[in-house]
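What follows is the content of my_file.txt, which has compact mmCIF, C-alpha atoms:
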# COMPACT_ATOMS: atom_id res chain seq x y z
CA MET A 1 66.97 107.90 106.15
CA PRO A 2 70.25 107.43 108.08
CA LYS A 3 73.39 107.92 106.03
CA VAL A 4 76.92 106.60 106.20
CA GLU A 5 79.98 107.57 104.23
CA PHE A 6 81.90 104.64 102.76
CA TRP A 7 85.54 105.69 102.37
CA TYR A 8 87.64 103.56 100.06
CA GLU A 9 90.86 103.43 98.05
CA PHE A 10 91.03 101.44 94.81
CA ALA A 11 94.40 99.88 95.67
CA SER A 12 93.18 98.68 99.07
CA THR A 13 92.69 94.92 99.25
CA TYR A 14 90.13 94.83 102.07
CA SER A 15 88.12 97.55 100.32
CA TYR A 16 87.30 95.00 97.61
CA PRO A 17 85.01 92.69 99.67
CA ALA A 18 83.70 95.77 101.52
CA ALA A 19 82.74 97.54 98.28
CA LEU A 20 80.95 94.45 97.04
CA ARG A 21 79.10 93.92 100.37
CA ILE A 22 78.20 97.39 101.57
CA GLU A 23 75.08 98.12 99.50
CA ALA A 24 73.20 94.96 100.52
CA LEU A 25 74.15 95.38 104.19
CA ALA A 26 73.06 99.02 104.14
CA ALA A 27 69.80 98.30 102.31
CA ALA A 28 68.92 95.63 104.89
CA ARG A 29 69.13 98.34 107.58
CA GLY A 30 67.55 101.15 105.58
CA VAL A 31 70.80 103.10 105.47
CA GLU A 32 71.94 105.23 102.54
CA VAL A 33 75.60 104.97 101.47
CA GLU A 34 77.63 107.88 100.18
CA TRP A 35 80.64 106.54 98.29
CA LYS A 36 83.81 108.48 99.17
CA PRO A 37 86.87 107.60 97.10
CA PHE A 38 90.17 108.85 98.49
CA LEU A 39 93.90 108.09 98.35
CA LEU A 40 95.86 106.32 101.06
CA GLY A 41 99.25 107.53 99.76
CA PRO A 42 99.22 110.90 101.58
CA LEU A 43 98.01 109.24 104.82
CA PHE A 44 100.72 106.61 104.61
CA ALA A 45 103.36 109.23 103.77
CA SER A 46 102.66 111.00 107.07
CA ALA A 47 103.38 107.67 108.83
CA GLY A 48 106.68 107.51 106.90
CA TRP A 49 105.54 104.83 104.44
CA ARG A 50 106.29 105.27 100.75
CA ASP A 51 104.74 101.92 99.82
CA SER A 52 101.89 99.78 101.10
CA PRO A 53 102.60 98.62 104.68
CA PHE A 54 101.80 95.14 103.34
CA ASN A 55 104.92 95.42 101.18
CA ILE A 56 107.03 97.15 103.83
CA TYR A 57 106.17 94.51 106.47
CA PRO A 58 106.31 91.14 104.68
CA VAL A 59 104.86 89.17 107.63
CA LYS A 60 101.73 91.34 107.52
CA GLY A 61 101.67 91.12 103.73
CA ARG A 62 101.84 87.32 103.64
CA TYR A 63 99.11 87.10 106.23
CA MET A 64 96.89 89.61 104.39
CA TRP A 65 97.01 87.71 101.07
CA ARG A 66 96.09 84.45 102.81
CA ASP A 67 93.34 86.20 104.78
CA MET A 68 91.94 87.85 101.60
CA LYS A 69 91.80 84.49 99.86
CA ARG A 70 89.88 82.93 102.76
CA ILE A 71 87.54 85.93 103.14
CA CYS A 72 86.67 86.01 99.45
CA ALA A 73 86.11 82.23 99.47
CA LEU A 74 83.70 82.57 102.42
CA LEU A 75 81.82 85.36 100.61
CA GLY A 76 81.81 83.53 97.29
CA LEU A 77 83.75 86.37 95.66
CA PRO A 78 86.29 85.59 92.94
CA PHE A 79 89.82 86.56 93.94
CA ALA A 80 93.17 86.57 92.19
CA ARG A 81 96.21 88.21 93.70
CA PRO A 82 97.18 91.09 91.37
CA SER A 83 100.61 90.98 89.74
CA VAL A 84 101.09 94.66 90.63
CA PHE A 85 100.37 95.79 94.19
CA PRO A 86 99.50 98.44 95.04
CA GLN A 87 98.31 99.77 91.70
CA ASN A 88 98.30 103.52 91.14
CA SER A 89 94.72 104.50 91.79
CA LEU A 90 94.83 108.23 91.10
CA LEU A 91 92.97 108.32 87.80
CA ALA A 92 90.39 105.75 88.93
CA ALA A 93 89.74 107.83 92.06
CA ARG A 94 89.35 110.96 89.95
CA VAL A 95 86.86 109.23 87.66
CA ALA A 96 84.87 107.99 90.65
CA THR A 97 84.89 111.44 92.22
CA ALA A 98 83.38 112.99 89.09
CA LEU A 99 80.44 110.57 88.87
CA SER A 100 77.04 110.73 90.56
CA ASN A 101 76.82 108.64 93.73
CA ALA A 102 74.89 105.80 92.07
CA ALA A 103 77.21 105.61 89.05
CA ARG A 104 80.21 105.90 91.38
CA ALA A 105 79.07 102.83 93.32
CA LYS A 106 78.71 100.76 90.16
CA PHE A 107 81.97 101.96 88.61
CA SER A 108 83.86 101.42 91.87
CA GLN A 109 82.64 97.83 92.24
CA ARG A 110 83.68 97.26 88.62
CA VAL A 111 87.19 98.60 89.31
CA TYR A 112 87.59 96.41 92.41
CA SER A 113 86.66 93.26 90.53
CA ALA A 114 89.06 94.25 87.74
CA ASN A 115 91.89 94.79 90.24
CA PHE A 116 91.37 91.87 92.63
CA ALA A 117 89.64 89.20 90.54
CA GLU A 118 90.52 89.82 86.90
CA GLY A 119 94.18 90.81 86.98
CA ARG A 120 93.58 94.04 85.07
CA LEU A 121 95.83 97.07 85.26
CA ILE A 122 93.52 99.68 86.73
CA ALA A 123 96.20 102.37 86.67
CA GLU A 124 95.99 102.51 82.87
CA ARG A 125 93.77 104.98 81.08
CA GLN A 126 92.68 102.52 78.36
CA VAL A 127 91.74 99.91 80.95
CA LEU A 128 89.71 102.48 82.89
CA ALA A 129 88.00 103.55 79.64
CA VAL A 130 86.86 99.94 79.13
CA LEU A 131 85.70 99.66 82.76
CA ILE A 132 83.73 102.91 82.47
CA THR A 133 82.06 101.60 79.30
CA GLU A 134 81.32 98.28 81.00
CA THR A 135 79.60 100.26 83.78
CA GLY A 136 77.30 101.68 81.10
CA LEU A 137 78.83 105.16 81.05
CA ASN A 138 80.51 107.28 78.41
CA ALA A 139 84.25 106.78 78.81
CA GLU A 140 85.35 109.95 77.05
CA ALA A 141 83.00 112.16 79.02
CA ALA A 142 83.86 110.50 82.34
CA LEU A 143 87.62 110.82 81.78
CA ALA A 144 87.24 114.47 80.75
CA ALA A 145 85.17 115.22 83.86
CA ALA A 146 87.77 113.39 85.96
CA GLU A 147 90.54 115.70 84.88
CA THR A 148 89.03 119.12 85.37
CA PRO A 149 90.83 121.25 87.95
CA GLU A 150 87.61 121.38 90.04
CA ASN A 151 87.40 117.61 90.18
CA LYS A 152 91.08 117.21 91.03
CA SER A 153 90.58 119.66 93.89
CA LYS A 154 87.53 117.77 95.05
CA LEU A 155 89.57 114.57 95.42
CA LYS A 156 92.34 116.49 97.20
CA GLY A 157 89.71 117.84 99.56
CA ALA A 158 88.50 114.30 100.25
CA VAL A 159 92.03 113.24 101.20
CA GLU A 160 92.32 116.21 103.56
CA ARG A 161 88.97 115.30 105.08
CA ALA A 162 90.11 111.69 105.56
CA ILE A 163 93.15 112.92 107.48
CA GLU A 164 90.95 115.25 109.55
CA LEU A 165 88.61 112.36 110.38
CA GLY A 166 91.60 110.28 111.53
CA LEU A 167 90.96 107.39 109.15
CA PRO A 168 93.66 104.79 109.88
CA GLY A 169 93.21 103.12 106.50
CA ALA A 170 90.62 101.85 104.05
CA PRO A 171 87.87 100.88 103.88
CA ALA A 172 86.18 102.94 106.57
CA LEU A 173 82.61 103.84 107.43
CA VAL A 174 81.92 107.26 108.90
CA THR A 175 78.55 107.88 110.50
CA ALA A 176 76.67 111.20 110.73
CA ASP A 177 78.08 111.70 114.25
CA GLU A 178 81.61 111.11 112.88
CA GLU A 179 82.22 107.70 114.38
CA VAL A 180 84.85 105.89 112.33
CA PHE A 181 84.67 102.14 111.69
CA TRP A 182 87.77 100.79 110.01
CA GLY A 183 87.93 97.68 107.89
CA ASN A 184 85.77 95.23 106.03
CA ASP A 185 85.25 93.62 109.46
CA ARG A 186 83.45 96.70 110.81
CA LEU A 187 80.78 97.27 108.13
CA GLU A 188 77.98 95.63 110.09
CA GLN A 189 78.94 97.40 113.31
CA GLY A 190 79.17 100.82 111.62
CA LEU A 191 75.81 100.38 109.89
CA ASP A 192 74.22 99.25 113.15
CA TRP A 193 75.62 102.36 114.82
CA ALA A 194 74.03 104.49 112.07
CA ILE A 195 70.58 103.13 112.97
CA GLY A 196 71.11 103.55 116.70
CA LYS A 197 72.04 99.93 117.53
CA ARG A 198 75.21 100.22 119.56
CA MET B 1 88.32 66.61 119.66
CA PRO B 2 89.67 69.32 117.32
CA LYS B 3 92.23 71.64 118.87
CA VAL B 4 93.30 75.21 118.30
CA GLU B 5 96.18 77.15 119.74
CA PHE B 6 95.26 80.55 121.12
CA TRP B 7 98.34 82.80 120.91
CA TYR B 8 98.26 85.91 123.05
CA GLU B 9 100.38 88.65 124.60
CA PHE B 10 99.38 90.23 127.92
CA ALA B 11 100.09 93.77 126.69
CA SER B 12 97.93 93.34 123.59
CA THR B 13 94.67 95.25 123.73
CA TYR B 14 92.65 93.12 121.31
CA SER B 15 93.81 89.98 123.13
CA TYR B 16 91.68 91.10 126.10
CA PRO B 17 88.22 90.58 124.55
CA ALA B 18 89.57 87.54 122.69
CA ALA B 19 90.84 85.90 125.90
CA LEU B 20 87.50 86.49 127.59
CA ARG B 21 85.50 85.15 124.60
CA ILE B 22 87.52 82.21 123.31
CA GLU B 23 86.47 79.45 125.74
CA ALA B 24 82.72 79.86 125.22
CA LEU B 25 83.11 80.10 121.43
CA ALA B 26 85.31 76.99 121.38
CA ALA B 27 83.03 75.00 123.69
CA ALA B 28 80.05 75.79 121.45
CA ARG B 29 81.93 74.11 118.58
CA GLY B 30 83.44 71.25 120.57
CA VAL B 31 86.97 72.62 120.12
CA GLU B 32 89.72 72.40 122.70
CA VAL B 33 91.89 75.48 123.27
CA GLU B 34 95.57 75.38 124.05
CA TRP B 35 96.62 78.70 125.58
CA LYS B 36 99.92 79.91 124.13
CA PRO B 37 101.38 83.01 125.81
CA PHE B 38 104.15 84.72 123.88
CA LEU B 39 105.83 88.12 123.56
CA LEU B 40 105.26 90.58 120.73
CA GLY B 41 108.44 92.56 121.43
CA PRO B 42 110.80 90.33 119.43
CA LEU B 43 108.33 90.18 116.50
CA PHE B 44 107.93 93.96 116.51
CA ALA B 45 111.70 94.45 116.79
CA SER B 46 112.20 92.58 113.52
CA ALA B 47 109.79 95.09 111.90
CA GLY B 48 111.92 97.90 113.33
CA TRP B 49 109.48 98.84 116.13
CA ARG B 50 110.78 99.39 119.64
CA ASP B 51 107.36 100.32 120.99
CA SER B 52 103.77 99.33 120.27
CA PRO B 53 102.80 100.35 116.72
CA PHE B 54 99.77 101.98 118.39
CA ASN B 55 102.19 104.39 120.07
CA ILE B 56 104.45 104.79 117.03
CA TYR B 57 101.50 105.56 114.73
CA PRO B 58 99.19 107.87 116.72
CA VAL B 59 96.36 107.75 114.15
CA LYS B 60 96.17 103.97 114.55
CA GLY B 61 96.49 104.31 118.31
CA ARG B 62 93.64 106.81 118.63
CA TYR B 63 91.44 104.62 116.48
CA MET B 64 92.33 101.46 118.43
CA TRP B 65 91.38 102.97 121.81
CA ARG B 66 88.04 104.14 120.46
CA ASP B 67 87.46 100.76 118.78
CA MET B 68 88.34 98.87 121.99
CA LYS B 69 85.86 100.95 123.96
CA ARG B 70 83.07 100.21 121.47
CA ILE B 71 83.95 96.50 121.22
CA CYS B 72 84.00 96.02 124.99
CA ALA B 73 80.69 97.92 125.30
CA LEU B 74 79.09 95.61 122.71
CA LEU B 75 80.41 92.54 124.55
CA GLY B 76 79.42 93.88 127.96
CA LEU B 77 83.05 93.77 129.12
CA PRO B 78 84.35 96.43 131.51
CA PHE B 79 87.11 98.52 129.95
CA ALA B 80 89.40 101.27 131.22
CA ARG B 81 92.32 102.55 129.19
CA PRO B 82 95.48 101.67 131.15
CA SER B 83 97.70 104.54 132.28
CA VAL B 84 100.76 102.59 131.07
CA PHE B 85 100.70 101.10 127.59
CA PRO B 86 102.13 98.70 126.71
CA GLN B 87 102.93 97.18 130.09
CA ASN B 88 105.95 94.90 130.38
CA SER B 89 104.45 91.44 130.16
CA LEU B 90 107.54 89.27 130.56
CA LEU B 91 106.94 87.99 134.10
CA ALA B 92 103.20 87.46 133.51
CA ALA B 93 104.00 85.45 130.37
CA ARG B 94 106.52 83.37 132.30
CA VAL B 95 103.97 82.65 135.03
CA ALA B 96 101.37 81.65 132.44
CA THR B 97 103.88 79.42 130.65
CA ALA B 98 104.61 77.50 133.85
CA LEU B 99 100.97 76.71 134.63
CA SER B 100 98.80 73.81 133.43
CA ASN B 101 96.58 74.73 130.49
CA ALA B 102 93.42 75.07 132.60
CA ALA B 103 95.09 77.23 135.26
CA ARG B 104 96.81 79.23 132.51
CA ALA B 105 93.45 80.10 130.97
CA LYS B 106 92.04 81.32 134.29
CA PHE B 107 95.18 83.23 135.27
CA SER B 108 95.43 84.82 131.82
CA GLN B 109 91.84 86.05 131.89
CA ARG B 110 92.53 87.48 135.34
CA VAL B 111 95.61 89.35 134.07
CA TYR B 112 93.69 90.80 131.10
CA SER B 113 90.93 92.16 133.31
CA ALA B 114 93.56 93.60 135.66
CA ASN B 115 95.33 95.33 132.75
CA PHE B 116 92.40 96.56 130.68
CA ALA B 117 89.57 96.98 133.16
CA GLU B 118 91.08 97.56 136.59
CA GLY B 119 94.07 99.80 135.93
CA ARG B 120 96.50 97.47 137.66
CA LEU B 121 100.22 97.36 136.96
CA ILE B 122 100.66 93.82 135.66
CA ALA B 123 104.41 94.27 135.16
CA GLU B 124 104.90 94.30 138.92
CA ARG B 125 105.76 91.15 140.83
CA GLN B 126 103.55 91.98 143.83
CA VAL B 127 100.57 92.69 141.60
CA LEU B 128 101.08 89.38 139.80
CA ALA B 129 101.33 87.59 143.15
CA VAL B 130 97.90 88.97 144.06
CA LEU B 131 96.46 87.98 140.67
CA ILE B 132 97.85 84.44 141.02
CA THR B 133 96.26 84.18 144.47
CA GLU B 134 92.97 85.53 143.10
CA THR B 135 93.09 82.76 140.49
CA GLY B 136 93.18 80.27 143.35
CA LEU B 137 96.84 79.31 142.96
CA ASN B 138 99.90 79.50 145.19
CA ALA B 139 101.72 82.71 144.32
CA GLU B 140 105.12 81.75 145.67
CA ALA B 141 105.15 78.40 143.89
CA ALA B 142 103.90 79.87 140.61
CA LEU B 143 106.51 82.66 140.62
CA ALA B 144 109.29 80.18 141.43
CA ALA B 145 108.18 77.88 138.60
CA ALA B 146 108.02 80.90 136.29
CA GLU B 147 111.66 81.73 136.79
CA THR B 148 113.34 78.39 136.30
CA PRO B 149 115.75 78.32 133.35
CA GLU B 150 113.62 75.57 131.73
CA ASN B 151 110.50 77.73 131.88
CA LYS B 152 112.31 80.79 130.56
CA SER B 153 113.53 78.67 127.62
CA LYS B 154 110.03 77.39 127.04
CA LEU B 155 108.71 80.95 126.60
CA LYS B 156 111.64 81.80 124.33
CA GLY B 157 110.77 78.73 122.27
CA ALA B 158 107.17 79.94 122.01
CA VAL B 159 108.33 83.29 120.65
CA GLU B 160 110.51 81.52 118.07
CA ARG B 161 107.56 79.35 117.10
CA ALA B 162 105.35 82.45 116.73
CA ILE B 163 107.89 83.91 114.32
CA GLU B 164 108.10 80.62 112.41
CA LEU B 165 104.30 80.51 112.12
CA GLY B 166 104.31 84.05 110.70
CA LEU B 167 102.00 85.52 113.34
CA PRO B 168 101.50 89.18 112.42
CA GLY B 169 100.39 90.09 115.94
CA ALA B 170 98.16 89.03 118.82
CA PRO B 171 95.76 87.48 119.43
CA ALA B 172 95.97 84.70 116.86
CA LEU B 173 94.41 81.29 116.46
CA VAL B 174 96.47 78.53 114.88
CA THR B 175 94.69 75.38 113.72
CA ALA B 176 96.11 71.85 113.54
CA ASP B 177 96.88 72.40 109.83
CA GLU B 178 98.75 75.63 110.73
CA GLU B 179 96.23 78.10 109.39
CA VAL B 180 96.68 81.44 111.17
CA PHE B 181 93.72 83.66 112.07
CA TRP B 182 94.78 87.03 113.40
CA GLY B 183 92.72 89.22 115.67
CA ASN B 184 89.77 89.19 117.99
CA ASP B 185 87.72 89.53 114.77
CA ARG B 186 88.86 86.12 113.49
CA LEU B 187 88.07 83.87 116.46
CA GLU B 188 84.81 82.54 115.03
CA GLN B 189 86.34 81.98 111.60
CA GLY B 190 89.37 80.17 113.01
CA LEU B 191 87.25 77.92 115.22
CA ASP B 192 84.94 77.15 112.29
CA TRP B 193 88.00 76.22 110.26
CA ALA B 194 89.10 73.84 113.03
CA ILE B 195 85.81 71.92 112.73
CA GLY B 196 85.95 71.80 108.94
CA LYS B 197 83.57 74.71 108.23
CA ARG B 198 85.44 76.88 105.74
How does this structure look as structure tokens?
Amino acid sequence: MPKVEFWYEFASTYSYPAALRIEALAAARGVEVEWKPFLLGPLFASAGWRDSPFNIYPVKGRYMWRDMKRICALLGLPFARPSVFPQNSLLAARVATALSNAARAKFSQRVYSANFAEGRLIAERQVLAVLITETGLNAEAALAAAETPENKSKLKGAVERAIELGLPGAPALVTADEEVFWGNDRLEQGLDWAIGKR
Amino acid sequence: MPKVEFWYEFASTYSYPAALRIEALAAARGVEVEWKPFLLGPLFASAGWRDSPFNIYPVKGRYMWRDMKRICALLGLPFARPSVFPQNSLLAARVATALSNAARAKFSQRVYSANFAEGRLIAERQVLAVLITETGLNAEAALAAAETPENKSKLKGAVERAIELGLPGAPALVTADEEVFWGNDRLEQGLDWAIGKR
């Protein structure tokens, strides 16, 4: 079964519709998805950005929020612009990293809805504990697993790998032959590539 | 008949497939296209960029060239990475501005193919003269019309209007109700919007 890696960052706006769409699109093509949480901060820092480019460049930011609203409306996804953007996603990414791939997918979709539809503060430990529980997992165990040195290193390794792959942002699909497809707009194309339609 | 404005910059990579696709997509929906050449330089300058962001941020640049190659392959469009990027597009934009809308469309498509498929130096007056002739127009007359003070002001006005509309880049579609759709990826969505499908 062909595989793709789905690289995402919990603070990334366009990763929200992508995370909610990817499994159905992949299933329709018989493709397996490996969920790869990472952090954009270190990638942005190497471009000289200490904040989201959507905050640094207000014209792009204004456009992005309008575009997100229209995209979510077209997809029938609830959307509410978060009061805090970008939210610190470190702990959420660590939790996701520690989970099995299937649980990671479910938890990650839960976090995206919390961030971009429900106005919840996903940087906070208590909020994450609730989201883990709502995913059907044990919050205490998941948070403990998230904060082991091994798991922290694993996430760091993912960030290094993202840089090595040349990901320009999130979300991104990476195929077995290391083709990179950036953006919610490229999910279909990346999945088609994975099954040899190119 | 519903109308959209198609805003484009001759140095913009993603404007190439958009310029070659827009007329057929619009015709299929019964939408009329007004071709609006403008310059990205002044918009980028206000973001602090004195070069294409694809040159300033090499990770984005590398991705864009790969993405362009794949997109053009999918569309069956010839593509060759230009040796000079971005090319100075001022004179080409002035020529386009001076033409009637129908001639502007044809000339603009010709310039895009010259820039992104044929390795031609579209900043040069003699090259533009050839491209004007190849479009079936009088080169001398078109270049003279391009350089009148009125025409220069008209292009300046277009740039000011692009800033006012909040265009984050090129290409962009602007509908009658001033919705902005940015990118080759948004042509279908913008045209659907223009005919009330949203």
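Atom pair atom CA of B:Glu140 / atom CA of B:Leu20: separated by 25.7 Å.
Computed from the coordinates, the atom CA of B:Arg29 to atom CA of B:Ser15 distance equals 20.3 Å.
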Write out chain B, as a compact mmCIF listing (two decimals) with C-alpha atoms, in the coordinates of the input, after superposing it onto chain A by least squares using every C-alpha atom paired in order.
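Saved result, superposed_14.txt, follows:
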# COMPACT_ATOMS: atom_id res chain seq x y z
CA MET B 1 66.98 107.91 106.13
CA PRO B 2 70.25 107.45 108.07
CA LYS B 3 73.40 107.92 106.02
CA VAL B 4 76.92 106.59 106.19
CA GLU B 5 79.98 107.55 104.23
CA PHE B 6 81.90 104.64 102.76
CA TRP B 7 85.56 105.68 102.38
CA TYR B 8 87.64 103.55 100.06
CA GLU B 9 90.86 103.41 98.05
CA PHE B 10 91.02 101.43 94.80
CA ALA B 11 94.40 99.88 95.67
CA SER B 12 93.19 98.67 99.06
CA THR B 13 92.69 94.92 99.25
CA TYR B 14 90.14 94.82 102.07
CA SER B 15 88.13 97.54 100.33
CA TYR B 16 87.30 94.98 97.61
CA PRO B 17 85.02 92.70 99.67
CA ALA B 18 83.71 95.76 101.52
CA ALA B 19 82.74 97.55 98.29
CA LEU B 20 80.95 94.45 97.05
CA ARG B 21 79.11 93.91 100.37
CA ILE B 22 78.21 97.40 101.56
CA GLU B 23 75.07 98.12 99.50
CA ALA B 24 73.19 94.96 100.51
CA LEU B 25 74.15 95.38 104.18
CA ALA B 26 73.05 99.02 104.14
CA ALA B 27 69.79 98.31 102.31
CA ALA B 28 68.92 95.64 104.89
CA ARG B 29 69.14 98.34 107.58
CA GLY B 30 67.54 101.16 105.60
CA VAL B 31 70.81 103.11 105.45
CA GLU B 32 71.94 105.22 102.53
CA VAL B 33 75.58 104.98 101.46
CA GLU B 34 77.62 107.88 100.18
CA TRP B 35 80.65 106.55 98.29
CA LYS B 36 83.79 108.48 99.18
CA PRO B 37 86.87 107.60 97.10
CA PHE B 38 90.16 108.84 98.50
CA LEU B 39 93.88 108.08 98.35
CA LEU B 40 95.86 106.31 101.05
CA GLY B 41 99.24 107.53 99.78
CA PRO B 42 99.20 110.90 101.58
CA LEU B 43 98.00 109.25 104.83
CA PHE B 44 100.72 106.60 104.61
CA ALA B 45 103.35 109.24 103.77
CA SER B 46 102.64 111.01 107.06
CA ALA B 47 103.38 107.68 108.83
CA GLY B 48 106.67 107.51 106.92
CA TRP B 49 105.54 104.83 104.44
CA ARG B 50 106.26 105.27 100.75
CA ASP B 51 104.73 101.92 99.83
CA SER B 52 101.88 99.77 101.11
CA PRO B 53 102.59 98.62 104.68
CA PHE B 54 101.80 95.13 103.35
CA ASN B 55 104.92 95.42 101.18
CA ILE B 56 107.03 97.15 103.84
CA TYR B 57 106.17 94.52 106.47
CA PRO B 58 106.30 91.15 104.67
CA VAL B 59 104.86 89.18 107.61
CA LYS B 60 101.72 91.34 107.51
CA GLY B 61 101.66 91.13 103.72
CA ARG B 62 101.85 87.33 103.64
CA TYR B 63 99.10 87.10 106.22
CA MET B 64 96.89 89.62 104.39
CA TRP B 65 97.02 87.71 101.08
CA ARG B 66 96.11 84.46 102.80
CA ASP B 67 93.34 86.21 104.77
CA MET B 68 91.94 87.85 101.61
CA LYS B 69 91.80 84.48 99.86
CA ARG B 70 89.88 82.92 102.77
CA ILE B 71 87.54 85.92 103.14
CA CYS B 72 86.66 86.00 99.45
CA ALA B 73 86.10 82.21 99.47
CA LEU B 74 83.69 82.56 102.42
CA LEU B 75 81.83 85.37 100.62
CA GLY B 76 81.80 83.53 97.30
CA LEU B 77 83.74 86.36 95.66
CA PRO B 78 86.28 85.58 92.93
CA PHE B 79 89.81 86.56 93.94
CA ALA B 80 93.17 86.57 92.18
CA ARG B 81 96.22 88.20 93.68
CA PRO B 82 97.17 91.09 91.37
CA SER B 83 100.61 90.98 89.74
CA VAL B 84 101.10 94.66 90.64
CA PHE B 85 100.38 95.77 94.19
CA PRO B 86 99.49 98.44 95.02
CA GLN B 87 98.31 99.77 91.68
CA ASN B 88 98.31 103.53 91.13
CA SER B 89 94.72 104.50 91.79
CA LEU B 90 94.84 108.24 91.11
CA LEU B 91 92.97 108.32 87.79
CA ALA B 92 90.38 105.75 88.93
CA ALA B 93 89.73 107.83 92.06
CA ARG B 94 89.35 110.96 89.94
CA VAL B 95 86.86 109.22 87.65
CA ALA B 96 84.87 107.98 90.65
CA THR B 97 84.89 111.44 92.22
CA ALA B 98 83.38 112.98 89.08
CA LEU B 99 80.45 110.57 88.88
CA SER B 100 77.03 110.74 90.57
CA ASN B 101 76.82 108.63 93.72
CA ALA B 102 74.88 105.80 92.05
CA ALA B 103 77.21 105.59 89.04
CA ARG B 104 80.20 105.89 91.38
CA ALA B 105 79.07 102.83 93.31
CA LYS B 106 78.70 100.75 90.15
CA PHE B 107 81.96 101.96 88.61
CA SER B 108 83.84 101.41 91.87
CA GLN B 109 82.63 97.83 92.22
CA ARG B 110 83.68 97.25 88.62
CA VAL B 111 87.19 98.60 89.31
CA TYR B 112 87.58 96.40 92.41
CA SER B 113 86.66 93.25 90.52
CA ALA B 114 89.05 94.26 87.74
CA ASN B 115 91.89 94.78 90.24
CA PHE B 116 91.37 91.86 92.61
CA ALA B 117 89.64 89.22 90.53
CA GLU B 118 90.52 89.81 86.89
CA GLY B 119 94.18 90.81 86.97
CA ARG B 120 93.58 94.04 85.08
CA LEU B 121 95.85 97.07 85.26
CA ILE B 122 93.52 99.69 86.73
CA ALA B 123 96.21 102.38 86.66
CA GLU B 124 96.01 102.49 82.88
CA ARG B 125 93.79 104.98 81.09
CA GLN B 126 92.68 102.53 78.38
CA VAL B 127 91.75 99.91 80.95
CA LEU B 128 89.72 102.48 82.88
CA ALA B 129 87.99 103.55 79.66
CA VAL B 130 86.87 99.95 79.15
CA LEU B 131 85.70 99.66 82.77
CA ILE B 132 83.72 102.91 82.47
CA THR B 133 82.07 101.59 79.30
CA GLU B 134 81.33 98.27 81.03
CA THR B 135 79.60 100.26 83.78
CA GLY B 136 77.30 101.67 81.11
CA LEU B 137 78.82 105.16 81.05
CA ASN B 138 80.50 107.29 78.41
CA ALA B 139 84.24 106.79 78.79
CA GLU B 140 85.36 109.96 77.05
CA ALA B 141 83.00 112.17 79.03
CA ALA B 142 83.86 110.50 82.34
CA LEU B 143 87.62 110.83 81.78
CA ALA B 144 87.25 114.48 80.76
CA ALA B 145 85.17 115.22 83.87
CA ALA B 146 87.76 113.39 85.96
CA GLU B 147 90.55 115.70 84.90
CA THR B 148 89.02 119.11 85.38
CA PRO B 149 90.83 121.24 87.96
CA GLU B 150 87.62 121.38 90.05
CA ASN B 151 87.40 117.59 90.19
CA LYS B 152 91.08 117.21 91.03
CA SER B 153 90.57 119.68 93.91
CA LYS B 154 87.53 117.76 95.06
CA LEU B 155 89.58 114.56 95.43
CA LYS B 156 92.34 116.49 97.21
CA GLY B 157 89.70 117.84 99.57
CA ALA B 158 88.50 114.29 100.25
CA VAL B 159 92.02 113.22 101.20
CA GLU B 160 92.32 116.20 103.57
CA ARG B 161 88.97 115.29 105.09
CA ALA B 162 90.11 111.67 105.55
CA ILE B 163 93.13 112.93 107.47
CA GLU B 164 90.95 115.25 109.56
CA LEU B 165 88.60 112.36 110.38
CA GLY B 166 91.58 110.28 111.54
CA LEU B 167 90.96 107.38 109.16
CA PRO B 168 93.66 104.79 109.88
CA GLY B 169 93.21 103.12 106.50
CA ALA B 170 90.62 101.83 104.04
CA PRO B 171 87.87 100.87 103.88
CA ALA B 172 86.18 102.92 106.58
CA LEU B 173 82.62 103.83 107.43
CA VAL B 174 81.92 107.26 108.89
CA THR B 175 78.54 107.89 110.50
CA ALA B 176 76.66 111.19 110.73
CA ASP B 177 78.08 111.71 114.24
CA GLU B 178 81.61 111.12 112.87
CA GLU B 179 82.21 107.71 114.38
CA VAL B 180 84.85 105.88 112.33
CA PHE B 181 84.67 102.13 111.70
CA TRP B 182 87.77 100.79 110.00
CA GLY B 183 87.92 97.67 107.90
CA ASN B 184 85.79 95.22 106.02
CA ASP B 185 85.26 93.62 109.47
CA ARG B 186 83.46 96.71 110.81
CA LEU B 187 80.80 97.27 108.14
CA GLU B 188 77.99 95.64 110.10
CA GLN B 189 78.96 97.42 113.31
CA GLY B 190 79.18 100.81 111.62
CA LEU B 191 75.82 100.39 109.89
CA ASP B 192 74.23 99.25 113.16
CA TRP B 193 75.64 102.36 114.80
CA ALA B 194 74.05 104.51 112.07
CA ILE B 195 70.60 103.13 112.96
CA GLY B 196 71.12 103.58 116.70
CA LYS B 197 72.06 99.96 117.53
CA ARG B 198 75.24 100.26 119.58
Just need the residues of chain B within 8 Å of chain A, counting only C-alpha atoms, so spit them out as a tab-separated table (two decimals) with C-alpha atoms, keeping the file's coordinate frame.
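Output file part18.tsv is given in full below:
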chain	number	residue	atom	x	y	z
B	47	ALA	CA	109.79	95.09	111.90
B	57	TYR	CA	101.50	105.56	114.73
B	59	VAL	CA	96.36	107.75	114.15
B	60	LYS	CA	96.17	103.97	114.55
B	63	TYR	CA	91.44	104.62	116.48
B	67	ASP	CA	87.46	100.76	118.78
B	74	LEU	CA	79.09	95.61	122.71
B	166	GLY	CA	104.31	84.05	110.70
B	167	LEU	CA	102.00	85.52	113.34
B	168	PRO	CA	101.50	89.18	112.42
B	180	VAL	CA	96.68	81.44	111.17
B	181	PHE	CA	93.72	83.66	112.07
B	185	ASP	CA	87.72	89.53	114.77
B	198	ARG	CA	85.44	76.88	105.74
